[in-house]
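Trainee: I am sharing final-v4.txt, which consists of compact mmCIF, C-alpha atoms:
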```txt
# COMPACT_ATOMS: atom_id res chain seq x y z
CA MET J 1 71.27 176.74 35.86
CA THR J 2 70.31 173.98 38.27
CA TYR J 3 73.03 171.65 39.51
CA GLU J 4 71.52 168.86 37.41
CA GLU J 5 71.94 171.07 34.33
CA ILE J 6 75.52 171.93 35.31
CA LEU J 7 76.32 168.23 35.61
CA GLN J 8 75.36 167.80 31.96
CA LEU J 9 78.33 169.98 30.98
CA ALA J 10 81.51 168.14 30.05
CA PRO J 11 83.67 167.72 33.18
CA TYR J 12 86.72 169.24 31.49
CA GLY J 13 85.25 170.87 28.40
CA VAL J 14 84.26 174.37 29.57
CA ALA J 15 86.70 177.22 28.97
CA ARG J 16 87.32 180.07 31.41
CA ALA J 17 84.76 182.67 30.27
CA GLU J 18 81.79 180.32 30.34
CA LYS J 19 82.95 178.53 33.46
CA GLN J 20 83.33 181.76 35.43
CA ARG J 21 79.81 182.77 34.43
CA VAL J 22 78.43 179.43 35.61
CA LEU J 23 80.43 179.58 38.84
CA ALA J 24 79.50 183.18 39.63
CA ASP J 25 75.78 182.54 39.10
CA GLY J 26 75.88 179.33 41.11
CA LEU J 27 77.94 180.73 43.97
CA ARG J 28 75.71 183.78 44.29
CA ALA J 29 72.62 181.60 44.63
CA MET J 30 74.38 179.21 47.01
CA THR J 31 75.75 182.01 49.20
CA GLU J 32 72.30 183.51 49.64
CA HIS J 33 70.80 180.08 50.32
CA HIS J 34 73.28 179.40 53.11
CA ARG J 35 72.90 182.91 54.53
CA ALA J 36 69.17 182.34 54.83
CA ALA J 37 69.42 178.77 56.16
CA CYS J 38 72.53 178.81 58.39
CA GLU J 39 72.61 181.56 61.03
CA PRO J 40 76.33 181.21 61.93
CA TYR J 41 77.22 181.51 58.24
CA ARG J 42 75.05 184.63 57.88
CA ARG J 43 76.77 186.27 60.85
CA MET J 44 80.21 185.47 59.50
CA THR J 45 79.44 186.81 56.03
CA ASP J 46 77.85 189.92 57.56
CA THR J 47 81.11 190.50 59.46
CA LEU J 48 83.01 190.12 56.20
CA GLY J 49 80.82 192.82 54.68
CA TRP J 50 79.26 190.56 52.06
CA CYS J 51 76.52 192.03 49.91
CA ASP J 52 74.80 190.38 46.98
CA ALA J 53 76.55 192.53 44.41
CA PRO J 54 77.34 191.35 40.88
CA ALA J 55 80.53 189.30 40.76
CA GLU J 56 82.35 188.42 37.55
CA ASN J 57 84.22 185.43 38.94
CA ASP J 58 84.44 183.06 41.90
CA GLU J 59 87.33 184.95 43.51
CA ALA J 60 84.94 187.63 44.86
CA PHE J 61 82.80 185.36 47.05
CA PRO J 62 83.36 184.94 50.81
CA PHE J 63 85.24 181.85 51.91
CA LEU J 64 85.44 180.03 55.23
CA PRO J 65 88.54 178.44 56.78
CA VAL J 66 88.06 174.69 56.47
CA ARG J 67 89.00 174.35 60.15
CA LEU J 68 85.65 175.88 61.16
CA PHE J 69 83.97 172.56 60.47
CA LYS J 70 86.02 171.11 63.31
CA GLU J 71 84.89 173.83 65.70
CA MET J 72 81.27 174.63 64.77
CA GLU J 73 78.10 172.87 63.66
CA LEU J 74 77.41 174.34 60.24
CA ARG J 75 74.36 173.05 58.38
CA SER J 76 71.76 174.58 56.12
CA VAL J 77 68.99 172.01 56.52
CA PRO J 78 66.77 171.14 59.51
CA PRO J 79 68.00 168.30 61.74
CA GLU J 80 65.24 166.00 60.50
CA ASP J 81 66.53 166.35 56.92
CA VAL J 82 70.05 165.18 57.77
CA PHE J 83 70.56 161.90 55.95
CA LYS J 84 74.19 161.27 56.80
CA VAL J 85 76.98 162.85 58.85
CA MET J 86 80.47 162.55 57.44
CA THR J 87 83.56 163.07 59.57
CA SER J 88 87.15 163.79 58.74
CA SER J 89 89.77 161.35 60.00
CA GLY J 90 91.31 162.92 63.11
CA THR J 91 94.15 161.49 65.13
CA THR J 92 93.60 160.86 68.81
CA GLY J 93 92.88 164.13 70.64
CA GLN J 94 92.11 166.07 67.47
CA GLN J 95 88.73 167.48 66.64
CA VAL J 96 87.14 166.18 63.46
CA SER J 97 85.06 167.96 60.86
CA ARG J 98 81.36 167.07 60.84
CA ILE J 99 79.63 167.47 57.50
CA PHE J 100 75.83 167.26 57.41
CA LEU J 101 74.30 165.84 54.25
CA ASP J 102 70.71 165.71 53.09
CA ARG J 103 69.71 163.13 50.50
CA ALA J 104 70.01 165.54 47.58
CA THR J 105 73.55 166.61 48.47
CA ALA J 106 74.64 163.00 49.05
CA ALA J 107 73.21 162.00 45.67
CA ASN J 108 74.92 164.90 43.92
CA GLN J 109 78.24 163.94 45.49
CA GLN J 110 77.99 160.53 43.85
CA LYS J 111 76.85 161.91 40.49
CA THR J 112 79.69 164.45 40.46
CA LEU J 113 82.31 161.84 41.31
CA VAL J 114 81.07 159.65 38.47
CA ARG J 115 81.29 162.49 35.95
CA ILE J 116 84.85 163.39 36.99
CA VAL J 117 86.40 159.93 37.33
CA SER J 118 84.73 158.51 34.21
CA ASP J 119 86.68 161.04 32.16
CA PHE J 120 89.83 159.17 33.24
CA THR J 121 88.65 155.55 33.43
CA GLY J 122 85.94 155.45 30.76
CA SER J 123 82.21 154.90 31.19
CA ALA J 124 82.32 151.12 31.60
CA ARG J 125 82.45 149.68 35.10
CA LEU J 126 85.57 147.60 35.63
CA PRO J 127 86.62 144.65 37.78
CA MET J 128 87.87 146.42 40.91
CA ILE J 129 90.32 145.77 43.73
CA LEU J 130 89.85 147.95 46.80
CA ILE J 131 93.14 148.19 48.67
CA ASP J 132 91.52 148.37 52.09
CA CYS J 133 89.55 146.17 54.49
CA PRO J 134 85.78 145.43 54.46
CA SER J 135 85.11 146.83 57.93
CA VAL J 136 85.79 150.41 56.82
CA VAL J 137 82.28 150.83 55.35
CA ARG J 138 80.15 148.85 57.79
CA ASN J 139 78.78 151.88 59.67
CA ARG J 140 77.16 153.93 56.91
CA ALA J 141 75.40 156.35 59.22
CA MET J 142 78.64 157.98 60.41
CA PHE J 143 81.30 157.98 57.69
CA THR J 144 84.90 158.97 57.95
CA ALA J 145 86.58 160.34 54.85
CA ARG J 146 88.20 156.95 54.35
CA GLY J 147 84.89 155.08 54.38
CA ALA J 148 83.26 157.67 52.16
CA GLY J 149 86.09 157.36 49.66
CA ILE J 150 85.85 153.58 49.53
CA LEU J 151 82.08 153.61 49.15
CA GLY J 152 82.11 156.44 46.61
CA PHE J 153 84.70 154.86 44.34
CA SER J 154 83.11 151.41 44.62
CA ILE J 155 80.49 152.50 42.09
CA PHE J 156 83.14 152.19 39.36
CA GLY J 157 83.52 148.45 39.97
CA ARG J 158 81.17 145.86 38.48
CA GLU J 159 82.80 143.11 40.54
CA LYS J 160 84.81 144.03 43.62
CA ILE J 161 87.09 142.47 46.19
CA TYR J 162 88.99 143.89 49.15
CA ALA J 163 92.71 143.26 48.97
CA LEU J 164 93.16 143.43 52.76
CA ASP J 165 91.40 141.60 55.57
CA ASP J 166 90.28 143.28 58.78
CA GLU J 167 93.71 142.64 60.28
CA MET J 168 95.21 144.67 57.42
CA GLN J 169 96.89 141.61 55.93
CA LEU J 170 97.10 141.24 52.15
CA ASP J 171 94.91 138.37 50.91
CA PHE J 172 97.42 137.49 48.23
CA ASP J 173 95.69 134.32 47.00
CA SER J 174 92.29 135.99 46.62
CA VAL J 175 93.79 138.87 44.66
CA ARG J 176 95.70 136.48 42.42
CA GLN J 177 92.56 134.41 41.76
CA PHE J 178 90.61 137.59 40.97
CA LEU J 179 93.24 138.64 38.44
CA GLU J 180 93.22 135.19 36.85
CA ALA J 181 89.42 135.27 36.57
CA HIS J 182 89.65 138.63 34.78
CA ALA J 183 92.71 137.93 32.63
CA GLY J 184 92.82 140.26 29.64
CA GLU J 185 90.44 142.79 31.20
CA LYS J 186 91.31 146.24 32.44
CA ILE J 187 91.40 146.28 36.25
CA LEU J 188 90.70 149.28 38.49
CA LEU J 189 92.45 149.63 41.84
CA PHE J 190 91.56 152.19 44.49
CA GLY J 191 93.02 153.02 47.88
CA PHE J 192 94.67 155.59 50.12
CA THR J 193 98.30 156.34 49.44
CA PHE J 194 100.03 155.42 52.68
CA MET J 195 97.94 152.28 53.15
CA ILE J 196 98.78 151.13 49.63
CA TRP J 197 102.46 151.66 50.38
CA ARG J 198 102.42 150.07 53.82
CA TYR J 199 100.12 147.06 53.35
CA PHE J 200 100.08 146.37 49.62
CA TYR J 201 103.38 147.45 48.09
CA GLN J 202 105.62 146.32 50.94
CA GLU J 203 103.95 142.93 51.09
CA LEU J 204 104.33 142.54 47.33
CA VAL J 205 108.05 143.28 47.72
CA ARG J 206 108.30 140.57 50.37
CA ARG J 207 106.39 138.09 48.22
CA LYS J 208 108.43 138.88 45.13
CA ALA J 209 111.60 138.03 47.04
CA GLN J 210 110.05 134.61 47.63
CA GLY J 211 109.18 134.15 43.97
CA GLU J 212 105.49 135.14 44.15
CA THR J 213 104.19 138.01 42.02
CA LEU J 214 100.96 139.67 40.92
CA ASP J 215 100.59 140.87 37.34
CA LEU J 216 98.89 144.30 37.29
CA SER J 217 100.20 145.32 33.88
CA ASN J 218 96.64 145.89 32.66
CA ALA J 219 95.46 147.94 35.65
CA ILE J 220 94.96 151.57 36.66
CA LEU J 221 95.36 152.75 40.25
CA ILE J 222 93.53 155.78 41.65
CA HIS J 223 94.75 156.90 45.06
CA GLY J 224 94.83 159.93 47.34
CA GLY J 225 95.73 161.23 50.78
CA GLY J 226 98.64 160.39 53.04
CA TRP J 227 101.40 162.36 51.33
CA LYS J 228 102.64 163.90 54.56
CA LYS J 229 103.52 160.47 55.92
CA MET J 230 104.98 159.44 52.58
CA ALA J 231 107.22 162.53 52.59
CA GLU J 232 108.48 161.54 56.03
CA GLU J 233 109.58 158.25 54.47
CA ALA J 234 111.21 160.13 51.54
CA VAL J 235 108.72 158.75 49.02
CA ASP J 236 107.45 161.22 46.43
CA ALA J 237 104.97 160.60 43.62
CA ARG J 238 107.64 159.63 41.11
CA THR J 239 109.16 157.10 43.52
CA PHE J 240 105.72 155.73 44.45
CA ASN J 241 104.72 155.19 40.82
CA ALA J 242 108.04 153.64 39.82
CA ALA J 243 108.06 151.28 42.81
CA LEU J 244 104.61 149.93 42.01
CA LYS J 245 105.49 149.45 38.36
CA ASP J 246 108.62 147.55 39.37
CA VAL J 247 106.93 145.21 41.82
CA CYS J 248 103.75 144.35 39.88
CA GLY J 249 103.96 146.01 36.47
CA LEU J 250 101.35 148.66 37.27
CA PRO J 251 101.53 151.06 34.28
CA GLN J 252 99.02 153.79 35.16
CA VAL J 253 98.73 155.61 38.50
CA ALA J 254 96.53 158.66 39.11
CA ASN J 255 96.63 160.63 42.34
CA TYR J 256 93.73 162.85 43.38
CA TYR J 257 93.25 165.76 45.78
CA GLY J 258 90.08 165.99 47.83
CA MET J 259 88.63 166.41 51.32
CA VAL J 260 85.60 165.36 53.31
CA GLU J 261 84.42 168.97 53.42
CA GLN J 262 83.85 168.85 49.65
CA THR J 263 83.32 165.16 48.96
CA GLY J 264 82.53 164.45 45.31
CA CYS J 265 84.41 167.41 43.82
CA ILE J 266 87.83 165.81 43.68
CA TYR J 267 90.80 167.06 41.67
CA MET J 268 92.20 164.26 39.52
CA GLU J 269 95.77 163.99 38.28
CA CYS J 270 96.20 163.80 34.51
CA PRO J 271 98.94 161.84 32.68
CA CYS J 272 101.06 165.02 32.69
CA GLY J 273 101.15 164.92 36.50
CA HIS J 274 98.85 167.93 36.97
CA LEU J 275 95.83 168.12 39.29
CA HIS J 276 92.75 169.44 37.51
CA ALA J 277 89.71 171.43 38.62
CA SER J 278 86.58 170.15 36.91
CA THR J 279 83.70 172.19 35.48
CA TYR J 280 81.88 171.72 38.80
CA SER J 281 84.64 173.11 41.01
CA ASP J 282 87.55 175.51 40.99
CA ILE J 283 90.86 176.17 42.70
CA ILE J 284 92.08 179.60 43.79
CA VAL J 285 95.58 180.28 45.16
CA ARG J 286 95.68 183.12 47.71
CA ARG J 287 98.64 184.99 49.17
CA PRO J 288 99.02 184.31 52.91
CA ARG J 289 99.65 187.94 53.90
CA ASP J 290 96.37 189.41 52.62
CA PHE J 291 94.45 186.59 50.86
CA SER J 292 94.74 188.36 47.50
CA VAL J 293 94.81 186.10 44.46
CA ALA J 294 98.26 184.79 43.60
CA ALA J 295 99.64 184.79 40.08
CA VAL J 296 100.24 181.71 37.98
CA GLY J 297 103.40 180.05 39.26
CA GLU J 298 103.22 181.76 42.67
CA GLU J 299 102.84 179.60 45.78
CA GLY J 300 99.98 180.34 48.15
CA ILE J 301 97.12 178.90 50.19
CA LEU J 302 94.61 176.82 48.26
CA GLU J 303 90.95 177.76 48.26
CA VAL J 304 88.56 175.13 46.90
CA VAL J 305 85.26 176.13 45.31
CA SER J 306 82.35 173.80 44.58
CA LEU J 307 78.79 174.18 43.37
CA LEU J 308 77.81 170.96 45.13
CA PRO J 309 77.23 171.61 48.89
CA HIS J 310 73.57 172.48 49.49
CA SER J 311 73.08 171.10 53.00
CA TYR J 312 76.06 172.91 54.56
CA PRO J 313 78.02 176.10 53.67
CA GLY J 314 81.06 174.39 52.17
CA HIS J 315 81.00 175.94 48.71
CA ALA J 316 84.09 178.17 49.20
CA LEU J 317 86.72 176.93 51.65
CA LEU J 318 90.23 178.07 52.47
CA THR J 319 92.24 174.90 53.03
CA GLU J 320 95.37 174.27 55.09
CA ASP J 321 97.31 173.24 52.00
CA ALA J 322 99.81 175.19 49.93
CA GLY J 323 100.00 174.95 46.18
CA VAL J 324 100.80 176.59 42.86
CA LEU J 325 98.47 177.31 39.95
CA LEU J 326 100.25 176.08 36.83
CA GLY J 327 97.84 177.30 34.18
CA GLU J 328 94.30 177.29 32.82
CA ASP J 329 92.76 175.78 29.68
CA ASP J 330 96.16 174.87 28.25
CA CYS J 331 97.33 171.64 29.91
CA PRO J 332 99.03 169.34 27.37
CA CYS J 333 96.56 166.60 28.34
CA GLY J 334 93.83 168.60 26.55
CA ARG J 335 91.52 169.13 29.54
CA LYS J 336 90.20 172.63 30.06
CA GLY J 337 90.10 174.38 33.42
CA LYS J 338 92.75 175.24 35.98
CA TYR J 339 95.54 172.81 36.77
CA PHE J 340 97.85 172.97 39.74
CA THR J 341 100.19 171.17 42.10
CA ILE J 342 100.27 170.72 45.88
CA THR J 343 103.48 171.88 47.57
CA GLY J 344 102.72 170.90 51.17
CA ARG J 345 100.79 171.66 54.33
CA LEU J 346 100.75 175.05 55.99
CA LYS J 347 103.00 175.34 59.01
CA ASN J 348 101.34 174.40 62.30
CA ALA J 349 98.32 172.89 60.51
CA GLU J 350 96.92 169.69 61.94
CA ILE J 351 97.74 166.45 60.16
CA ARG J 352 94.69 165.60 58.12
CA GLY J 353 93.94 162.81 55.70
CA CYS J 354 92.67 159.29 55.74
CA SER J 355 95.92 157.39 55.55
CA ASP J 356 97.93 159.93 57.55
CA THR J 357 95.50 159.33 60.41
CA TYR J 358 95.87 155.59 60.14
CA ALA J 359 99.63 155.97 60.00
CA ASP J 360 99.55 157.99 63.21
CA LYS J 361 97.55 155.30 65.00
CA ILE J 362 99.71 152.37 63.94
CA SER J 363 102.94 154.18 64.76
CA ARG J 364 101.92 154.12 68.43
CA ASN J 365 100.93 150.43 68.48
```
Would you kindly transcribe this structure into structure tokens?
Mentor:
Amino acid sequence: MTYEEILQLAPYGVARAEKQRVLADGLRAMTEHHRAACEPYRRMTDTLGWCDAPAENDEAFPFLPVRLFKEMELRSVPPEDVFKVMTSSGTTGQQVSRIFLDRATAANQQKTLVRIVSDFTGSARLPMILIDCPSVVRNRAMFTARGAGILGFSIFGREKIYALDDEMQLDFDSVRQFLEAHAGEKILLFGFTFMIWRYFYQELVRRKAQGETLDLSNAILIHGGGWKKMAEEAVDARTFNAALKDVCGLPQVANYYGMVEQTGCIYMECPCGHLHASTYSDIIVRRPRDFSVAAVGEEGILEVVSLLPHSYPGHALLTEDAGVLLGEDDCPCGRKGKYFTITGRLKNAEIRGCSDTYADKISRN
């Protein structure tokens, strides 16, 4: 199947047997493509002893540590075909990942994101509040994960405003006017977790103490990244959701897990609080001691699998995150596929994530 054909499959409607067939066929073709087009990848997979043998599932394919994208230039297209270079958000002194996209891969990232998120928000574009500042997307040639996230999710808004100005101050009056103009309509909010907490929630608390409030009782918030910094402030997901509901009536909050190295194939949180792998991606939990596949309920290192990356060998990546597979095809929300939870970062791993990076910068100012 081509990727366009795979995208026609329901994002959460394919059960294990069919999905593993689709993944195995796609990963085999993608592995051979990258071996032929990216010499460093070929050498690494040769060292791993890879051969194009039949594989029944995605667990058998070679994976790369995600950190390699900070240390090497890995691309599977000629330099003249590079349309965009995306970078991870590194703190001062840290190396950043550089992800090389051709036009086809960039387009597929957007199409995949639309298929996944629309399953949660519906197909209609909604009035949208971006909890960030306009300057984050001005340089489109060299995107950080934060800018890519803002631009990618903007497609779900038919009319959009930024909640923050370039000084990271909440434009309270503009947001209130926007909500009044769209009274009775469902509103979509998007932002990065720590920035929402620091610049949106805390300012709403201050305003509420002065008698000023925003009514977001008909809104849905999608957010991701920054949980390391939130944990340092003793704020977990339950606390985060409850605090926002208390200060502005926000009834629906959905976290997502994703990374610049596999932009587009995000893992959305369902109403049951579980992160879900879509039809176009998968999650594998591996034991740290030997990288064997962990059992359901057993904590290990997360590997993320995607059929999307064509311009760089990012289709099977071992992350620096720990997690637990909770089940497959049987989540109470009704979505098929694997569902899981994140338990933290691996010890000694670099801080990574859009809002964690911003938090690091402001803490020193």
Trainee: Using all atoms listed in the file, which of the listed residues (J:Gly26, J:Pro62, J:Gly191, J:Gly224) sits closest to Leu317 (chain J)?
Mentor: J:Pro62
Trainee: Which residue is closest to Val324 (chain J)? Choose from J:Glu303, J:Glu80, J:Asp290, J:Asp52 and count only C-alpha atoms.
Mentor: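 Counting only C-alpha atoms, the residue closest to Val324 (chain J) is J:Glu303.
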Trainee: Counting only C-alpha atoms, figure out which residue out of J:Ala24, J:Leu188, J:His310, J:Val205 gets nearest to Pro251 (chain J).
Mentor: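 Distance minimum relative to Pro251 (chain J) lands on J:Leu188.
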Trainee: CA of Tyr339 (chain J) and CA of Leu275 (chain J), how far apart in Å?
Mentor: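 According to the coordinates, CA of Leu275 (chain J) and CA of Tyr339 (chain J) are separated by 5.3 Å.
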Trainee: Give me, please, the distance in Å between CA of Gly226 (chain J) and CA of Met195 (chain J), quoted to one decimal.
Mentor: 8.1 Å
Trainee: Which of these, J:Arg16, J:Glu233, J:Leu204, J:Arg125, has the shortest distance to Asp246 (chain J) once you count all atoms listed in the file?
Mentor: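 Looking at the shortest contact to Asp246 (chain J), the residue is J:Leu204.
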Trainee: So that I can see what lies close to Ala254 (chain J), please list as a ChimeraX atom specification the residues with an atom at most 8 Å from it, counting only C-alpha atoms and leaving out residues fewer than 6 positions away in the same chain.
Mentor: /J:220-223,268-271
Trainee: Calculate how many Å separate CA of Tyr312 (chain J) from CA of Ser281 (chain J), rounding to one decimal.
Mentor: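 Distance between the two atoms: 16.0 Å.
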Trainee: So that I can check the surroundings of region 134-136 of chain J, please list as a PDB file with C-alpha atoms, in the frame of the given file every protein, DNA and RNA residue that reaches within 7 Å of it, counting all atoms listed in the file and ignoring chain neighbours fewer than 4 positions away.
Mentor:
```pdb
ATOM      1  CA  GLY J 147      84.890 155.080  54.380  1.00  0.00           C
ATOM      2  CA  TYR J 162      88.990 143.890  49.150  1.00  0.00           C
ATOM      3  CA  ASP J 165      91.400 141.600  55.570  1.00  0.00           C
ATOM      4  CA  ASP J 166      90.280 143.280  58.780  1.00  0.00           C
TER       5      ASP J 166
END
```
Trainee: So, counting all atoms listed in the file, which residue among J:Arg115, J:Lys84, J:Lys347, J:Lys338 is closest to Ile301 (chain J)?
Mentor: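 Nearest to Ile301 (chain J): J:Lys347.
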Trainee: Measuring between all atoms listed in the file, which one of J:His33, J:Arg176, J:Lys229, J:Arg289 shows the shortest distance to Gly344 (chain J)?
Mentor: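 Among the listed residues, J:Lys229 lies closest to Gly344 (chain J).
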Trainee: Would you pick out the contacts of Phe192 (chain J) at 10 Å or less, using all atoms listed in the file, so that residues sharing its chain but fewer than 3 positions from it are not included, and give the list as a ChimeraX atom specification?
Mentor: /J:130-132,146,149-150,195-197,222-227,255-256,353-356
